[in-house]
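Asker: The structure follows.
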Amino acid sequence: MPLNKSELLQIAEDWFHQQNWEPFPFQKETWNAFLEGKHGLLNAPTGSGKTYALWFPIVLNYIKNNPEYKTKHKKGLKAIWITPLRALSQEIKQSAERITQDLETQMTVGIRTGDTSTKERAKMRTNMPDLLITTPESLQLLLSSKGYAKLFKDCSAIVVDEWHELLGTKRGVQMELGLSRLKTVCTNLRIWGISATIGNLEQAREVLLGPSSAALENSVLVKANLNKKITVKSIIPKEMETFPWRGHLGLHLLDEVVPIINNSKTTLLFTNTRSQCEIWFQKILEKYPEFAGEMAMHHGSINKETRLWVEQAIRNESLKAVVCTSSLDLGVDFAPVETVVQIGGPKGVARFLQRAGRSGHRPGKESVIYFLPTHAMELIEASAMQKAVLNSAVEDRIPYLNSFDVLIQYLTTLAVSDGFLPEEIYPEIKQTFCYQAISDEQWQWLLNFLVMGSQSLKSYDEYKKVEVEDDGRFKVNSRAVAMRHRFQIGTIVGDATIHVRYQKGGYIGSIEEYFISKLSPGDVFTFAGRNLEFIRIKGMAAHVRNSSKRTNKVPSWMGGRLSFSAKMSELLRQELYTAELPFSKQSKEIQSLAPMFAKQREESSVPLPDQFLIETFETNDGHHHIFYPFEGRAIHEGMSSLLAYRISLLTPITCSLAFNDYGFELLSDKPIDIQSILDNNLFTAEYMLSDLQKSLNSNEMARRKFRDIAVISGMVFTGYPEKGVKMKHLQSSSELLFDVFKDFEDDNLLYQQAFTETFEHQLEEGRLRLALERIAQQEIVWKQCQQPTPFSFPIITDRLREKLSNEKLADRIKRMTKTLMK
């Protein structure tokens with residue numbers, strides 16, 4: 001006799017009480033909705049018990065449908081848990097096993113990710129676990145296996161964890177497509193997502209379930225209102241610099257950090273870049289050698305064994321401190337972490353909250369995060385963060401539309417397994433958020449592309465991958481094509497990485513190719529906490545040996561170019577404007593910047609909410625023209641190019657551009673007439689797109705984007721494992737294709753997609769337009785200054801950084817500051 005819903009829920013409550021826990025209302029709400037057959041999105045922070053909110057109803061549902069579950073067991077896949085991070089799969093598995101074993105079910109739990117051995121995978125093919133934990137890529141690989149429909153038939157639930165991380169990426173699009181297929185194949189499927197807080201939760205649910213689907217109508221949004229207390233404490237320097245610059249990575253506050261580390265069980269120090277992580281680790285050990293053995297480093301380029309060792313050491317409290325990057329941002333559950341230190345502005349509210357949540361990682365515990373500014377102006381960000389935490393103001397994640405490269409990859413996946421009939425698959429694809437607006441012409445183009453390659457490539461056999469069989473089924477019959485396709489499933493195309501190995505073969509980690517290409521044999525650099533001497537490159541590996549020489553060469557990774565999110569820029573502007581309020585109404589961070597603001601007013605001004613500040617002055621380097629939209633680096637990059645292009649139409653002039661998160665500079669050999677910029681309305685949003693295309697080398701940017709599109713859509717093969725194709729070759733093969741399409745087939749959908757993505761995702765054209773519209777409403781305050789101002793200083797010194805080594809830069813800045821302070 002099957003149990004009814006209240007009896008099932010009682011089983012869950014009893015289990016919680018046996019652990020001396022009390023289930024949260026959001027957990028009960030999720031159990032209820034799931035058992036009623038609903039789909040949904042659960043909005044809950046990490047460490048709140050979200051895993052139990054969904055594993056439980058999956059197991060209870062099985063108990064309901066199999067009353068004799070303790071004695072009889074029907075094998076086969078019953079639920080899939082998707083995690084974007086392989087590192088989390090072990091913990092998710094442990095939670096599931098606790099439930100299945102304690103409730104005496106005979107359910108098995110398995111993991112299938114890129115780390116799973118070939119032997120394990122082969123075993124799974126014949127004997128699937130009941131509960132499978134996997135990644136978006138591995139799910140696509142399962143869809144490429146013959147007879148997948150039979151494998152998934154009895155699957156009753158799919159849970160997509162960390163959905164906010166997948167949304168707004170091509171892995172998210174991959175997930176939408178996978179779900180569109182499973183809805184048809186599985187007889188009675190419930191789809192659930194788990195997301196930390198993002199601004200557009202309703203839209204996140206719509207993307208997960210499909211905009212016009214029956215699933216969306218039968219779904220709920222469950223919010224965990226846990227009122228977690230987050231305290232932000234700023235580390236304010238005793239001596240405040242009047243002219244801030246971004247050079248010293250916050251190291252002058254190193255002595256302030258040590259007492260924080262000593263007073264806590266375990267402290268995580270988050271840095272924004274891997275190079276900053278390496279430097280901080282080295283410097284703490286140099287100054288405080290007693291931390292040796294009690295301190296470790298964790299970032300994405302260090303080898304897997306070391307990372308797992310560090311994660312385990314945090315769990316069993318054998319480490320005092322870990323210097324890390326966003327590699328420890330997500331989901332990794334560390335109860336003992338007491339304190340988090342954020343070094344430098346985190347560039348986004350969600351990222352900051354996620355990191356804060358790493359401390360006090362227990363329901364009801366307070367999270368404490370220290371903010372350490374790397375230069376004085378970052379204290380404005382610290383103050384803005386405090387407000388963001390109070391008002392839980394978080395960014396939106398913008399989903400992709402019409403990613404044709406991902407769709408071509410997916411259709412090839414289906415053609416590799418059992419083949420597909422276009423008339424069956426087309427309606428499923430139109431149900432997804434990403435392809436809701438796809439037209440019949442575009443669909444026809446994609447089908448032709450699969451069979452013939454595109455118009456201009458149809459005479460080359462290597463682009464003809466799919467055959468149309470007599471019954472109209474699209475199928476891959478070539479074993480070689482199928483094998484190459486399986487190797488290349490996935491949408492993450494990184495910068496080329498090179499393995500770093502000892503000459504005798506030990507693997508240390510991976511570094512981006514462009515850093516290694518600048519080294520000569522004998523050069524010493526710091527990586528993974530050691531000083532290494534570069535010997536040579538062999539294949540895709542750099543050979544090194546340990547060195548006792550000191551060095552200031554640290555690998556830099558492209559990730560170091562993080563820009564402000566739209567939310568962050570808005571909060572920053574609001575905070576900056578409080579500098580004009582009475583002293584008693586300012587936050588202590590803004591109060592501590594009083595000397596800097598005083599110097600800024602002496603030479604120029606601190607803008608009010610309805611003002612847009614422009615400064616001009618002359619130095620030995622030339623004529624500086626500085627504009628302050630406070631919109632974040634990415635927007636300033638587009639805006640500075642746009643303005644420089646429009647000025648060049650008025651008067652022939654060459655200028656070099658520099659930008660940071662606060663503003664941008666046009667530096668020229670003769671003065672630019674600011675009045676004529678204002679008279680000719682050069683900040684207008686009209687004709688923005690065509691001017692942008694002319695001002696930026698948009699062909700060049702699209703060309704780089706096209707490399708990823710060519711790889712994802714399978715036009716360019718990245719090589720077999722261990723025999724990777726060098727990035728240089730990938731770039732040149734994709735550039736050849738790009739040029740062919742540009743000259744002979746400019747209506748090619750993949751070629752056009754490269755431009756759309758450049759403008760929408762890289763230059764954030766929508767945000768740029770809004771910024772220009774905002775400036776058009778503001779009063780322009782143009783200050784002709786005698787010398788550089790505190791606000792302009794970080795921008796000027798950033799430009800010098802490109803030319804000078806760190807030592808020379810520090811000396812030069814010292815001299816500049818001395819002169820300015822007279």
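A note on labels: chains of the structure tokens are A, B, ... as shown, every chain counts residues from 1, and ligands are counted from 1 in their shown order.
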Distance table requested - stretch 292-321 of chain A against stretch 253-267 of chain A, cut-off 9 Å, only C-alpha atoms: one row per qualifying residue with the closest atom pair and its distance in Å to one decimal, ordered by chain and rising residue number, as CSV.

Answerer:
```
residue,atom,partner,partner_atom,distance
A:Ile314,CA,A:Thr266,CA,7.3
A:Glu317,CA,A:Thr266,CA,7.0
A:Ser318,CA,A:Thr266,CA,8.6
A:Leu319,CA,A:Thr266,CA,6.5
A:Lys320,CA,A:Thr266,CA,4.7
A:Ala321,CA,A:Thr267,CA,4.7
```

Asker: Within 6 Å of stretch 80-91 of chain A, counting only C-alpha atoms, which residues qualify if same-chain residues fewer than 5 places away don't, as a ChimeraX atom specification?

Answerer: /A:131-135,158-161

Asker: Take the residues just selected and output them with N, CA, C and O atoms as an mmCIF file, in the first residue's frame.

Answerer:
```cif
data_model
loop_
_atom_site.group_PDB
_atom_site.id
_atom_site.type_symbol
_atom_site.label_atom_id
_atom_site.label_comp_id
_atom_site.auth_asym_id
_atom_site.auth_seq_id
_atom_site.Cartn_x
_atom_site.Cartn_y
_atom_site.Cartn_z
ATOM 1 N N LEU A 131 20.908 7.316 -8.723
ATOM 2 C CA LEU A 131 21.040 8.770 -8.621
ATOM 3 C C LEU A 131 22.398 9.145 -9.221
ATOM 4 O O LEU A 131 23.435 8.666 -8.752
ATOM 5 N N LEU A 132 22.385 9.985 -10.239
ATOM 6 C CA LEU A 132 23.633 10.317 -10.944
ATOM 7 C C LEU A 132 23.975 11.788 -10.731
ATOM 8 O O LEU A 132 23.132 12.667 -10.924
ATOM 9 N N ILE A 133 25.234 12.038 -10.347
ATOM 10 C CA ILE A 133 25.709 13.429 -10.200
ATOM 11 C C ILE A 133 26.659 13.687 -11.364
ATOM 12 O O ILE A 133 27.606 12.932 -11.585
ATOM 13 N N THR A 134 26.394 14.749 -12.126
ATOM 14 C CA THR A 134 27.198 14.957 -13.336
ATOM 15 C C THR A 134 27.267 16.440 -13.692
ATOM 16 O O THR A 134 26.684 17.281 -13.010
ATOM 17 N N THR A 135 27.997 16.771 -14.775
ATOM 18 C CA THR A 135 28.155 18.176 -15.200
ATOM 19 C C THR A 135 27.368 18.393 -16.499
ATOM 20 O O THR A 135 26.977 17.422 -17.154
ATOM 21 N N ILE A 158 15.346 16.053 -12.468
ATOM 22 C CA ILE A 158 16.677 16.585 -12.786
ATOM 23 C C ILE A 158 16.836 17.894 -12.007
ATOM 24 O O ILE A 158 15.955 18.753 -12.019
ATOM 25 N N VAL A 159 17.935 17.984 -11.256
ATOM 26 C CA VAL A 159 18.191 19.170 -10.437
ATOM 27 C C VAL A 159 19.412 19.884 -11.007
ATOM 28 O O VAL A 159 20.456 19.261 -11.206
ATOM 29 N N VAL A 160 19.274 21.182 -11.285
ATOM 30 C CA VAL A 160 20.416 21.955 -11.798
ATOM 31 C C VAL A 160 20.902 22.865 -10.667
ATOM 32 O O VAL A 160 20.245 23.831 -10.304
ATOM 33 N N ASP A 161 22.058 22.501 -10.110
ATOM 34 C CA ASP A 161 22.602 23.237 -8.968
ATOM 35 C C ASP A 161 23.350 24.479 -9.460
ATOM 36 O O ASP A 161 23.834 24.503 -10.586
#
```

Asker: Using the chain letters and numbers from this document, which residues of stretch 535-664 of chain A does DSSP assign to strand (DSSP E), as number ranges by chain?

Answerer: A: 535-538, 541-546, 611-619, 622-628, 655-659, 664

Asker: Which of stretch 441-654 of chain A counts as helix (DSSP H, G or I) under DSSP, as a PyMOL selection string please?

Answerer: chain A and resi 441-452+455-457+461-463+479-487+513-516+558-561+566-580+583-585+588-592+594-603+633-650

Asker: Please list as a compact mmCIF listing (two decimals) with C-alpha atoms, in the first residue's frame every residue within 12 Å of A:Leu142, counting only C-alpha atoms and excluding residues in the same chain fewer than 2 positions away.

Answerer:
```txt
# COMPACT_ATOMS: atom_id res chain seq x y z
CA ILE A 80 20.18 13.45 -12.23
CA ARG A 112 30.22 10.98 -13.82
CA THR A 113 32.43 13.98 -14.64
CA ARG A 121 32.24 5.07 -17.40
CA ALA A 122 32.12 1.78 -19.26
CA MET A 124 28.00 2.84 -15.93
CA ARG A 125 26.91 2.24 -19.50
CA MET A 128 23.55 3.11 -14.37
CA LEU A 132 23.63 10.32 -10.94
CA THR A 134 27.20 14.96 -13.34
CA THR A 135 28.15 18.18 -15.20
CA PRO A 136 26.42 19.89 -18.18
CA GLU A 137 29.13 18.51 -20.51
CA SER A 138 28.78 14.91 -19.26
CA LEU A 139 25.02 15.10 -19.73
CA GLN A 140 25.58 15.99 -23.40
CA SER A 144 25.53 11.23 -27.69
CA SER A 145 25.39 7.53 -26.73
CA LYS A 146 23.26 5.11 -28.74
CA GLY A 147 19.90 4.23 -27.18
CA TYR A 148 20.01 7.15 -24.70
CA ALA A 149 16.18 7.37 -24.71
CA LYS A 150 15.97 3.98 -22.98
CA LEU A 151 18.59 5.06 -20.43
CA PHE A 152 16.64 8.20 -19.42
CA GLY A 178 19.54 19.10 -22.77
CA ARG A 181 15.19 16.76 -24.98
CA LEU A 182 14.72 15.12 -21.57
CA TYR A 410 23.80 19.88 -29.88
CA THR A 413 25.34 15.26 -30.66
CA LEU A 414 21.85 13.95 -31.46
CA VAL A 416 25.93 10.98 -33.41
CA SER A 417 23.66 8.92 -31.11
CA ASP A 418 20.43 7.73 -32.75
CA ARG A 486 32.64 13.48 -28.51
CA ILE A 489 31.57 18.48 -26.49
```

Asker: Using only C-alpha atoms, which residue out of A:Ile438, A:Ile92, A:Ala702, A:Leu103 lies closest to A:Tyr62?

Answerer: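 Smallest separation from A:Tyr62 among the options: A:Leu103.
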
Asker: Using only C-alpha atoms, which residues sit within 9 Å of A:Glu428 once same-chain residues fewer than 6 positions away are excluded, as a list of chain:residue names?

Answerer: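 Within the cut-off, the hits are A:Leu177, A:Ser180, A:Arg181, A:Lys183, A:Thr184.
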
Asker: Which is closer to A:Phe16 than all the others in A:Ile677, A:Ile99, A:Ile398, A:Leu54, using only C-alpha atoms?

Answerer: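 Ranking A:Ile677, A:Ile99, A:Ile398, A:Leu54 by distance to A:Phe16, first place goes to A:Ile99.
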
Asker: Find the residues near stretch 203-208 of chain A: any atom within 8 Å, counting only C-alpha atoms, skip ones fewer than 3 places away on the same chain, and give them as a list in words.

Answerer: Gly40, Leu41, Trp163, His164, Leu167, Glu176, Gly193, Asn200, Pro211, Leu216, Leu221, Pro399, Thr432, Phe433 and Cys434 of chain A

Asker: Let me make sure I understand: among A:Met107, A:Ile635, A:Ala224, A:Leu143, which one has the smallest atom-to-atom distance to A:Phe420 if we use only C-alpha atoms?

Answerer: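 Once distances to A:Phe420 are computed over only C-alpha atoms, the minimum belongs to A:Leu143.
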
Asker: Which residues come within 9 Å of A:Asn218, counting only C-alpha atoms, excluding same-chain residues fewer than 4 positions away, as a compact mmCIF listing (two decimals) with C-alpha atoms, in the first residue's frame?

Answerer:
```
# COMPACT_ATOMS: atom_id res chain seq x y z
CA GLY A 37 4.50 16.98 -9.10
CA LYS A 38 5.58 20.61 -9.49
CA HIS A 39 8.73 22.00 -11.12
CA GLY A 40 10.56 24.90 -9.51
CA ALA A 214 3.60 23.68 -19.48
```

Asker: If you count only C-alpha atoms, which residues fall within 12 Å of A:Leu770, apart from same-chain ones fewer than 2 positions away, as a compact mmCIF listing (two decimals) with N, CA, C and O atoms, in the first residue's frame?

Answerer:
```
# COMPACT_ATOMS: atom_id res chain seq x y z
N ALA A 566 27.01 46.37 -13.58
CA ALA A 566 26.17 47.57 -13.66
C ALA A 566 25.71 47.98 -12.26
O ALA A 566 25.69 49.15 -11.89
N GLU A 570 26.51 51.54 -10.13
CA GLU A 570 25.43 52.39 -9.61
C GLU A 570 25.64 52.63 -8.11
O GLU A 570 25.55 53.77 -7.63
N PRO A 629 32.77 58.79 -15.96
CA PRO A 629 31.40 58.27 -15.93
C PRO A 629 31.14 57.32 -14.75
O PRO A 629 30.00 57.02 -14.44
N GLU A 631 31.50 54.01 -14.58
CA GLU A 631 30.64 52.95 -15.12
C GLU A 631 31.34 51.60 -15.21
O GLU A 631 30.76 50.65 -15.72
N ILE A 635 32.81 49.38 -19.91
CA ILE A 635 32.04 50.45 -20.55
C ILE A 635 32.98 51.59 -20.97
O ILE A 635 32.85 52.18 -22.04
N MET A 639 33.44 53.50 -24.47
CA MET A 639 33.13 54.94 -24.52
C MET A 639 34.34 55.76 -24.95
O MET A 639 34.21 56.72 -25.72
N PHE A 683 28.58 63.15 -26.88
CA PHE A 683 28.20 62.05 -25.97
C PHE A 683 26.83 61.48 -26.30
O PHE A 683 26.23 60.80 -25.49
N THR A 684 26.33 61.77 -27.50
CA THR A 684 24.98 61.30 -27.83
C THR A 684 24.95 59.78 -28.05
O THR A 684 25.94 59.19 -28.48
N ALA A 685 23.79 59.19 -27.75
CA ALA A 685 23.64 57.74 -27.98
C ALA A 685 23.20 57.46 -29.42
O ALA A 685 23.14 56.31 -29.84
N GLU A 686 22.91 58.53 -30.17
CA GLU A 686 22.50 58.31 -31.59
C GLU A 686 23.68 57.80 -32.40
O GLU A 686 24.83 58.16 -32.14
N MET A 688 25.20 55.31 -32.26
CA MET A 688 26.25 54.72 -31.41
C MET A 688 26.83 53.45 -32.03
O MET A 688 28.05 53.26 -32.07
N GLU A 764 29.05 45.26 -23.88
CA GLU A 764 27.81 45.57 -23.17
C GLU A 764 27.15 46.82 -23.75
O GLU A 764 26.93 47.81 -23.06
N GLU A 765 26.84 46.71 -25.03
CA GLU A 765 26.31 47.85 -25.77
C GLU A 765 25.08 48.48 -25.09
O GLU A 765 24.94 49.70 -25.05
N GLY A 766 24.22 47.66 -24.51
CA GLY A 766 23.02 48.19 -23.84
C GLY A 766 23.38 49.10 -22.68
O GLY A 766 22.81 50.19 -22.51
N ARG A 767 24.38 48.68 -21.89
CA ARG A 767 24.80 49.50 -20.74
C ARG A 767 25.48 50.77 -21.21
O ARG A 767 25.32 51.83 -20.60
N LEU A 768 26.23 50.68 -22.31
CA LEU A 768 26.93 51.85 -22.84
C LEU A 768 25.90 52.90 -23.27
O LEU A 768 26.03 54.08 -22.98
N LEU A 772 25.42 56.72 -21.78
CA LEU A 772 25.44 57.94 -22.61
C LEU A 772 24.16 58.75 -22.39
O LEU A 772 24.19 59.98 -22.32
N GLU A 773 23.04 58.03 -22.26
CA GLU A 773 21.76 58.76 -22.03
C GLU A 773 21.79 59.47 -20.68
O GLU A 773 21.26 60.56 -20.52
N ARG A 774 22.43 58.83 -19.70
CA ARG A 774 22.51 59.45 -18.36
C ARG A 774 23.38 60.71 -18.42
O ARG A 774 23.03 61.75 -17.87
N ILE A 775 24.52 60.63 -19.15
CA ILE A 775 25.42 61.78 -19.23
C ILE A 775 24.72 62.95 -19.93
O ILE A 775 24.89 64.12 -19.58
N ALA A 776 23.87 62.60 -20.91
CA ALA A 776 23.16 63.66 -21.65
C ALA A 776 22.25 64.48 -20.72
O ALA A 776 21.97 65.64 -20.97
N GLN A 777 21.80 63.86 -19.63
CA GLN A 777 20.91 64.56 -18.68
C GLN A 777 21.69 65.37 -17.64
O GLN A 777 21.12 66.17 -16.91
```
